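Shown here: model_0.tsv, TSV, C-alpha atoms and all ligand atoms.
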chain	number	residue	atom	x	y	z
A	1	MET	CA	50.76	46.08	-123.98
A	2	SER	CA	50.89	48.86	-121.42
A	3	LEU	CA	48.20	49.01	-118.75
A	4	LYS	CA	47.76	51.68	-116.11
A	5	LEU	CA	45.00	51.62	-113.51
A	6	PHE	CA	43.93	54.70	-111.62
A	7	PHE	CA	42.42	53.52	-108.34
A	8	ALA	CA	41.53	54.85	-104.91
A	9	PRO	CA	42.02	52.86	-101.71
A	10	GLY	CA	38.77	51.23	-100.62
A	11	ALA	CA	36.82	52.46	-103.65
A	12	CYS	CA	35.01	50.43	-106.30
A	13	SER	CA	38.25	50.45	-108.28
A	14	PHE	CA	39.27	47.52	-106.05
A	15	VAL	CA	37.28	45.32	-108.45
A	16	PRO	CA	39.50	45.88	-111.54
A	17	HIS	CA	42.55	46.34	-109.28
A	18	SER	CA	42.20	42.85	-107.80
A	19	MET	CA	41.36	41.40	-111.24
A	20	LEU	CA	44.58	42.79	-112.73
A	21	GLU	CA	46.54	41.15	-109.91
A	22	LEU	CA	44.60	37.90	-110.28
A	23	ALA	CA	45.26	37.92	-114.03
A	24	GLY	CA	48.97	38.25	-113.33
A	25	VAL	CA	49.47	40.91	-116.00
A	26	ASN	CA	51.94	43.76	-115.77
A	27	PHE	CA	50.23	47.03	-114.95
A	28	GLU	CA	51.10	50.33	-113.40
A	29	PRO	CA	48.94	51.14	-110.37
A	30	ALA	CA	48.31	54.89	-109.96
A	31	MET	CA	46.76	55.91	-106.65
A	32	VAL	CA	44.20	58.73	-106.56
A	33	LYS	CA	43.48	60.09	-103.07
A	34	LEU	CA	39.78	60.90	-103.17
A	35	HIS	CA	39.80	62.40	-99.64
A	36	LYS	CA	42.37	64.93	-100.87
A	37	GLY	CA	40.26	65.76	-103.94
A	38	GLU	CA	42.86	64.45	-106.38
A	39	GLN	CA	40.03	63.30	-108.68
A	40	ARG	CA	39.23	66.97	-109.29
A	41	THR	CA	42.70	68.18	-110.30
A	42	ALA	CA	43.05	69.51	-113.85
A	43	ASP	CA	45.31	66.60	-114.82
A	44	TYR	CA	42.86	64.00	-113.58
A	45	LEU	CA	39.84	65.71	-115.13
A	46	ALA	CA	41.68	65.74	-118.43
A	47	LEU	CA	41.84	61.94	-118.11
A	48	ASN	CA	38.31	61.45	-116.82
A	49	PRO	CA	36.09	64.56	-116.90
A	50	ARG	CA	33.66	62.78	-114.53
A	51	GLY	CA	36.30	62.89	-111.80
A	52	GLN	CA	35.91	59.25	-110.81
A	53	VAL	CA	37.93	56.09	-110.42
A	54	PRO	CA	38.52	53.55	-111.84
A	55	VAL	CA	40.21	54.50	-115.07
A	56	LEU	CA	42.14	51.96	-117.10
A	57	VAL	CA	44.54	53.23	-119.74
A	58	ASP	CA	45.42	50.54	-122.26
A	59	ASP	CA	48.14	51.54	-124.68
A	60	GLY	CA	47.07	55.17	-124.34
A	61	VAL	CA	43.33	54.51	-124.68
A	62	VAL	CA	41.26	55.66	-121.70
A	63	ILE	CA	38.54	53.28	-120.50
A	64	THR	CA	36.08	54.28	-117.77
A	65	GLN	CA	33.21	52.40	-116.06
A	66	ILE	CA	33.80	49.18	-114.14
A	67	VAL	CA	31.63	47.08	-116.44
A	68	ALA	CA	33.52	48.20	-119.56
A	69	ILE	CA	36.90	47.80	-117.87
A	70	LEU	CA	36.06	44.27	-116.71
A	71	LEU	CA	34.75	43.21	-120.11
A	72	HIS	CA	37.85	44.67	-121.72
A	73	LEU	CA	40.19	42.80	-119.35
A	74	ASP	CA	38.17	39.61	-119.67
A	75	ALA	CA	38.53	39.71	-123.47
A	76	LYS	CA	42.23	40.45	-123.18
A	77	VAL	CA	43.08	37.81	-120.56
A	78	PRO	CA	40.37	35.13	-120.85
A	79	GLN	CA	42.47	32.63	-118.93
A	80	ALA	CA	42.09	34.81	-115.82
A	81	HIS	CA	38.37	33.89	-115.57
A	82	ILE	CA	37.37	37.43	-114.61
A	83	LEU	CA	33.87	36.43	-115.77
A	84	PRO	CA	32.53	33.00	-116.73
A	85	ALA	CA	33.54	32.24	-120.31
A	86	SER	CA	30.21	31.51	-121.95
A	87	GLY	CA	26.64	30.27	-121.78
A	88	MET	CA	24.07	30.91	-119.10
A	89	GLU	CA	26.77	31.23	-116.40
A	90	ARG	CA	28.17	34.25	-118.25
A	91	THR	CA	24.70	35.74	-118.72
A	92	ARG	CA	23.90	35.32	-115.00
A	93	ALA	CA	27.26	36.80	-114.02
A	94	LEU	CA	26.72	39.85	-116.27
A	95	SER	CA	23.24	40.29	-114.83
A	96	LEU	CA	24.66	40.27	-111.28
A	97	LEU	CA	27.48	42.61	-112.28
A	98	ALA	CA	25.03	45.08	-113.82
A	99	TRP	CA	22.86	45.03	-110.66
A	100	MET	CA	25.83	45.49	-108.33
A	101	ASN	CA	27.08	48.39	-110.46
A	102	ASN	CA	23.81	50.15	-111.29
A	103	THR	CA	21.84	49.53	-108.08
A	104	VAL	CA	23.80	48.36	-105.05
A	105	HIS	CA	26.77	50.66	-105.64
A	106	PRO	CA	24.71	53.88	-106.13
A	107	THR	CA	22.53	52.96	-103.16
A	108	PHE	CA	25.66	53.13	-101.03
A	109	THR	CA	26.65	56.41	-102.69
A	110	HIS	CA	23.35	57.92	-101.48
A	111	PHE	CA	24.51	57.09	-97.92
A	112	PHE	CA	28.20	57.95	-98.35
A	113	MET	CA	27.93	61.08	-100.51
A	114	PRO	CA	24.37	62.39	-100.06
A	115	GLN	CA	25.63	65.84	-101.07
A	116	LYS	CA	25.78	64.53	-104.64
A	117	PHE	CA	21.99	64.17	-104.65
A	118	SER	CA	20.67	67.08	-102.57
A	119	ASP	CA	21.96	70.30	-101.07
A	120	ASP	CA	19.28	70.22	-98.37
A	121	GLU	CA	20.71	68.86	-95.11
A	122	ALA	CA	17.42	67.47	-93.83
A	123	ALA	CA	16.81	65.76	-97.17
A	124	GLN	CA	20.34	64.34	-97.06
A	125	LYS	CA	19.75	62.84	-93.59
A	126	ALA	CA	16.45	61.29	-94.66
A	127	MET	CA	18.10	59.97	-97.82
A	128	GLN	CA	20.92	58.39	-95.83
A	129	ARG	CA	18.48	56.57	-93.51
A	130	PHE	CA	16.50	55.31	-96.46
A	131	ALA	CA	19.62	54.30	-98.42
A	132	VAL	CA	21.00	52.23	-95.52
A	133	ALA	CA	17.72	50.31	-95.26
A	134	ARG	CA	17.78	49.60	-99.03
A	135	TYR	CA	21.49	48.71	-98.82
A	136	ARG	CA	20.77	46.10	-96.12
A	137	GLU	CA	18.26	44.49	-98.50
A	138	CYS	CA	20.86	44.45	-101.30
A	139	LEU	CA	23.46	42.83	-99.04
A	140	ALA	CA	20.87	40.25	-97.96
A	141	GLU	CA	20.40	39.35	-101.65
A	142	ILE	CA	24.16	38.92	-102.03
A	143	GLU	CA	24.18	36.82	-98.84
A	144	ALA	CA	21.64	34.42	-100.38
A	145	LEU	CA	23.94	34.01	-103.41
A	146	ALA	CA	27.04	33.61	-101.23
A	147	THR	CA	25.28	30.80	-99.35
A	148	GLU	CA	25.29	28.86	-102.66
A	149	ALA	CA	28.93	29.70	-103.54
A	150	SER	CA	30.86	26.62	-104.61
A	151	PRO	CA	33.41	27.72	-103.74
A	152	TRP	CA	33.15	31.14	-105.49
A	153	LEU	CA	30.05	33.06	-106.61
A	154	PHE	CA	30.50	31.67	-110.12
A	155	GLY	CA	31.92	28.21	-109.60
A	156	GLU	CA	35.49	27.07	-109.39
A	157	HIS	CA	37.24	30.33	-110.33
A	158	PRO	CA	37.40	33.49	-108.22
A	159	GLY	CA	36.42	36.50	-110.29
A	160	ALA	CA	34.96	39.98	-110.58
A	161	LEU	CA	31.73	39.18	-108.72
A	162	ASP	CA	33.64	37.98	-105.67
A	163	ALA	CA	35.68	41.19	-105.78
A	164	TYR	CA	32.55	43.35	-106.01
A	165	ALA	CA	30.95	41.40	-103.14
A	166	LEU	CA	34.02	42.19	-101.04
A	167	THR	CA	33.83	45.90	-101.83
A	168	LEU	CA	30.09	46.16	-101.18
A	169	LEU	CA	30.19	44.17	-97.93
A	170	ARG	CA	33.14	46.21	-96.69
A	171	TRP	CA	31.33	49.48	-97.45
A	172	GLY	CA	28.39	48.21	-95.39
A	173	GLY	CA	30.61	48.56	-92.32
A	174	TYR	CA	30.68	52.35	-92.82
A	175	ALA	CA	26.87	52.31	-92.94
A	176	GLY	CA	26.64	50.47	-89.61
A	177	ILE	CA	26.13	47.01	-91.10
A	178	ASP	CA	28.24	44.38	-89.32
A	179	PRO	CA	29.80	42.18	-92.06
A	180	THR	CA	29.82	39.19	-89.71
A	181	SER	CA	26.01	39.38	-89.63
A	182	LEU	CA	26.17	38.17	-93.27
A	183	PRO	CA	28.27	35.06	-92.55
A	184	ALA	CA	28.32	33.46	-96.01
A	185	THR	CA	29.45	36.68	-97.71
A	186	TRP	CA	31.89	37.40	-94.89
A	187	THR	CA	33.49	33.95	-95.25
A	188	LEU	CA	33.61	34.33	-99.05
A	189	VAL	CA	35.27	37.75	-99.00
A	190	GLN	CA	37.83	36.71	-96.39
A	191	ARG	CA	38.79	33.71	-98.55
A	192	PHE	CA	38.95	35.96	-101.61
A	193	ALA	CA	41.13	38.56	-99.87
A	194	ALA	CA	43.51	35.82	-98.72
A	195	LEU	CA	44.32	34.67	-102.27
A	196	PRO	CA	47.99	35.63	-102.75
A	197	ALA	CA	47.32	37.71	-105.90
A	198	VAL	CA	44.33	39.50	-104.36
A	199	ALA	CA	46.31	40.09	-101.15
A	200	LEU	CA	48.69	42.27	-103.22
A	201	ALA	CA	45.82	44.62	-104.09
A	202	VAL	CA	44.50	44.51	-100.50
A	203	GLU	CA	47.96	45.41	-99.23
A	204	ARG	CA	48.50	48.20	-101.78
A	205	GLU	CA	45.17	49.74	-100.74
A	206	ARG	CA	45.88	48.98	-97.05
A	207	LEU	CA	42.35	47.61	-96.79
A	208	GLU	CA	40.84	46.59	-93.50
A	209	LEU	CA	38.04	44.18	-94.37
A	210	ASN	CA	35.87	44.86	-91.34
A	211	VAL	CA	35.43	48.60	-90.79
A	212	TYR	CA	32.22	48.19	-88.77
A	213	LYS	CA	32.14	49.94	-85.42
A	214	ALA	CA	29.30	49.09	-83.04
A	215	ALA	CA	27.32	52.21	-82.10
B	301	LIG	N1	29.64	53.92	-112.61
B	301	LIG	C1	31.01	54.18	-112.26
B	301	LIG	C2	31.06	54.52	-110.77
B	301	LIG	C3	32.42	54.99	-110.35
B	301	LIG	C4	32.38	55.57	-108.94
B	301	LIG	O1	31.32	55.71	-108.31
B	301	LIG	N2	33.57	55.93	-108.44
B	301	LIG	C5	33.67	56.55	-107.13
B	301	LIG	C6	34.46	55.68	-106.16
B	301	LIG	S1	33.62	54.20	-105.73
B	301	LIG	C7	34.44	57.86	-107.25
B	301	LIG	O2	35.39	57.94	-107.99
B	301	LIG	N3	34.02	58.87	-106.52
B	301	LIG	C8	34.71	60.12	-106.43
B	301	LIG	C9	33.78	61.28	-106.55
B	301	LIG	O3	32.65	61.08	-107.01
B	301	LIG	O4	34.22	62.37	-106.20
B	301	LIG	C10	31.85	52.96	-112.60
B	301	LIG	O5	31.30	51.87	-112.76
B	301	LIG	O6	33.08	53.08	-112.79
Represent the supplied structure as structure tokens.
Ligand SMILES: N[C@@H](CCC(=O)N[C@@H](CS)C(=O)NCC(=O)O)C(=O)O
Amino acid sequence: MSLKLFFAPGACSFVPHSMLELAGVNFEPAMVKLHKGEQRTADYLALNPRGQVPVLVDDGVVITQIVAILLHLDAKVPQAHILPASGMERTRALSLLAWMNNTVHPTFTHFFMPQKFSDDEAAQKAMQRFAVARYRECLAEIEALATEASPWLFGEHPGALDAYALTLLRWGGYAGIDPTSLPATWTLVQRFAALPAVALAVERERLELNVYKAA
């Protein structure tokens, strides 16, 4: 099997990136520098015409979208516990994954890249203010779940939901949300980042977990 992951430091691609490391499978990491516009080069657009990371290439087959990539990896390496194996735990985990991916993540995008949603500067500013308020609510929901973590969001195995929680909490720092103000999530993501396999992905991306700067 040949696996190649296109990822960008600090982006949502950290979720599959850390899962590949946690699964202990051989893969080729390929860094895409979003700030340099590398996602819009002809070569990259030929791979993913949407110009986004992550992209997983498995034996020449291109897979986009975090949810699809995670389900694919979970089926391939079930012993990695990327998602709970079965039953209601799996259903609840998929429900949380869908919400993180289709609601929390795009809420942050409205703050971080408002130009994707409006070309009117005043509208962009209003949208950013609104998005940060909604994002705080989303992180508060994750905090309530993290309070119940035992020891991970879905039981005894660290997995994709812990990785997504890390990414989303970290992004909050850019939006002026102090991660330490969400202590259960902050403790969870620090423990997750310290796992030796996950630390490899953190190091490769040179991730600082707390990017919050007080105003
Ligand atoms: N729904 C997509 C979202 C992917 C996404 O938003 N990727 C962002 C990074 S977090 C990206 O590549 N942005 C670059 C751009 O839009 O120019 C997924 O689940 O994979």
Counting only C-alpha atoms, what are the residues of range 32-147 of chain A within 12 Å of range 151-173 of chain A, and for each of them which pair of atoms is the nearest and at what distance in Å, to one decimal? Sort the table by chain and rising number, as CSV.
residue,atom,partner,partner_atom,distance
A:Ile66,CA,A:Ala160,CA,9.9
A:Val67,CA,A:Ala160,CA,9.8
A:Ile69,CA,A:Ala160,CA,10.9
A:Leu70,CA,A:Ala160,CA,7.6
A:Leu71,CA,A:Ala160,CA,10.1
A:Leu73,CA,A:Ala160,CA,10.6
A:Asp74,CA,A:Ala160,CA,9.6
A:Pro78,CA,A:Gly159,CA,11.4
A:Gln79,CA,A:His157,CA,10.3
A:Ala80,CA,A:Gly159,CA,8.1
A:His81,CA,A:Gly159,CA,6.2
A:Ile82,CA,A:Gly159,CA,4.5
A:Leu83,CA,A:Gly159,CA,6.0
A:Pro84,CA,A:Phe154,CA,7.0
A:Ala85,CA,A:Phe154,CA,10.6
A:Ser86,CA,A:Phe154,CA,11.8
A:Met88,CA,A:Phe154,CA,11.1
A:Glu89,CA,A:Phe154,CA,7.3
A:Arg90,CA,A:Phe154,CA,8.8
A:Thr91,CA,A:Phe154,CA,11.1
A:Arg92,CA,A:Phe154,CA,9.0
A:Ala93,CA,A:Phe154,CA,7.2
A:Leu94,CA,A:Leu161,CA,9.1
A:Ser95,CA,A:Leu161,CA,10.5
A:Leu96,CA,A:Leu161,CA,7.6
A:Leu97,CA,A:Leu161,CA,6.5
A:Ala98,CA,A:Leu161,CA,10.3
A:Trp99,CA,A:Leu161,CA,10.8
A:Met100,CA,A:Tyr164,CA,7.4
A:Asn101,CA,A:Tyr164,CA,8.7
A:Thr103,CA,A:Leu168,CA,11.3
A:Val104,CA,A:Leu168,CA,7.7
A:His105,CA,A:Leu168,CA,7.2
A:Pro106,CA,A:Leu168,CA,10.6
A:Thr107,CA,A:Leu168,CA,10.4
A:Phe108,CA,A:Trp171,CA,7.6
A:Thr109,CA,A:Trp171,CA,9.9
A:Phe111,CA,A:Gly172,CA,10.0
A:Phe112,CA,A:Trp171,CA,9.1
A:Ala131,CA,A:Gly172,CA,11.1
A:Val132,CA,A:Gly172,CA,8.4
A:Ala133,CA,A:Gly172,CA,10.9
A:Arg134,CA,A:Gly172,CA,11.3
A:Tyr135,CA,A:Gly172,CA,7.7
A:Arg136,CA,A:Gly172,CA,7.9
A:Glu137,CA,A:Gly172,CA,11.2
A:Cys138,CA,A:Leu168,CA,9.4
A:Leu139,CA,A:Leu169,CA,7.0
A:Ala140,CA,A:Leu169,CA,10.1
A:Glu141,CA,A:Ala165,CA,10.9
A:Ile142,CA,A:Ala165,CA,7.3
A:Glu143,CA,A:Ala165,CA,9.2
A:Ala144,CA,A:Leu153,CA,10.6
A:Leu145,CA,A:Leu153,CA,7.0
A:Ala146,CA,A:Leu153,CA,6.2
A:Thr147,CA,A:Leu153,CA,9.0
Atom-to-atom span, CA of Phe7 in chain A and CA of Pro29 in chain A, Å: 7.2 Å
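A distance cut-off of 8 Å from ligand LIG 301 (chain B), applied to only C-alpha atoms and all ligand atoms, picks out the residues Ala8, Gly10, Ala11, Cys12, Ser13, Leu34, Gly37, Gln39, Arg40, Arg50, Gly51, Gln52, Val53, Pro54, Val55, Thr64, Gln65, Ile66, Val67, Asn101, Asn102, His105, Pro106 and Thr109 of chain A.
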One decimal place gives the CA of Leu209 in chain A-CA of Lys116 in chain A separation as 25.9 Å
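A straight line drawn from CA of Asn26 in chain A to CA of Ala194 in chain A is 20.6 Å long.
Proximity of A:Ser2, A:Ala175, A:Ala149, A:Ala126 to Thr187 in chain A, computed with all atoms listed in the file, is greatest for A:Ala149.
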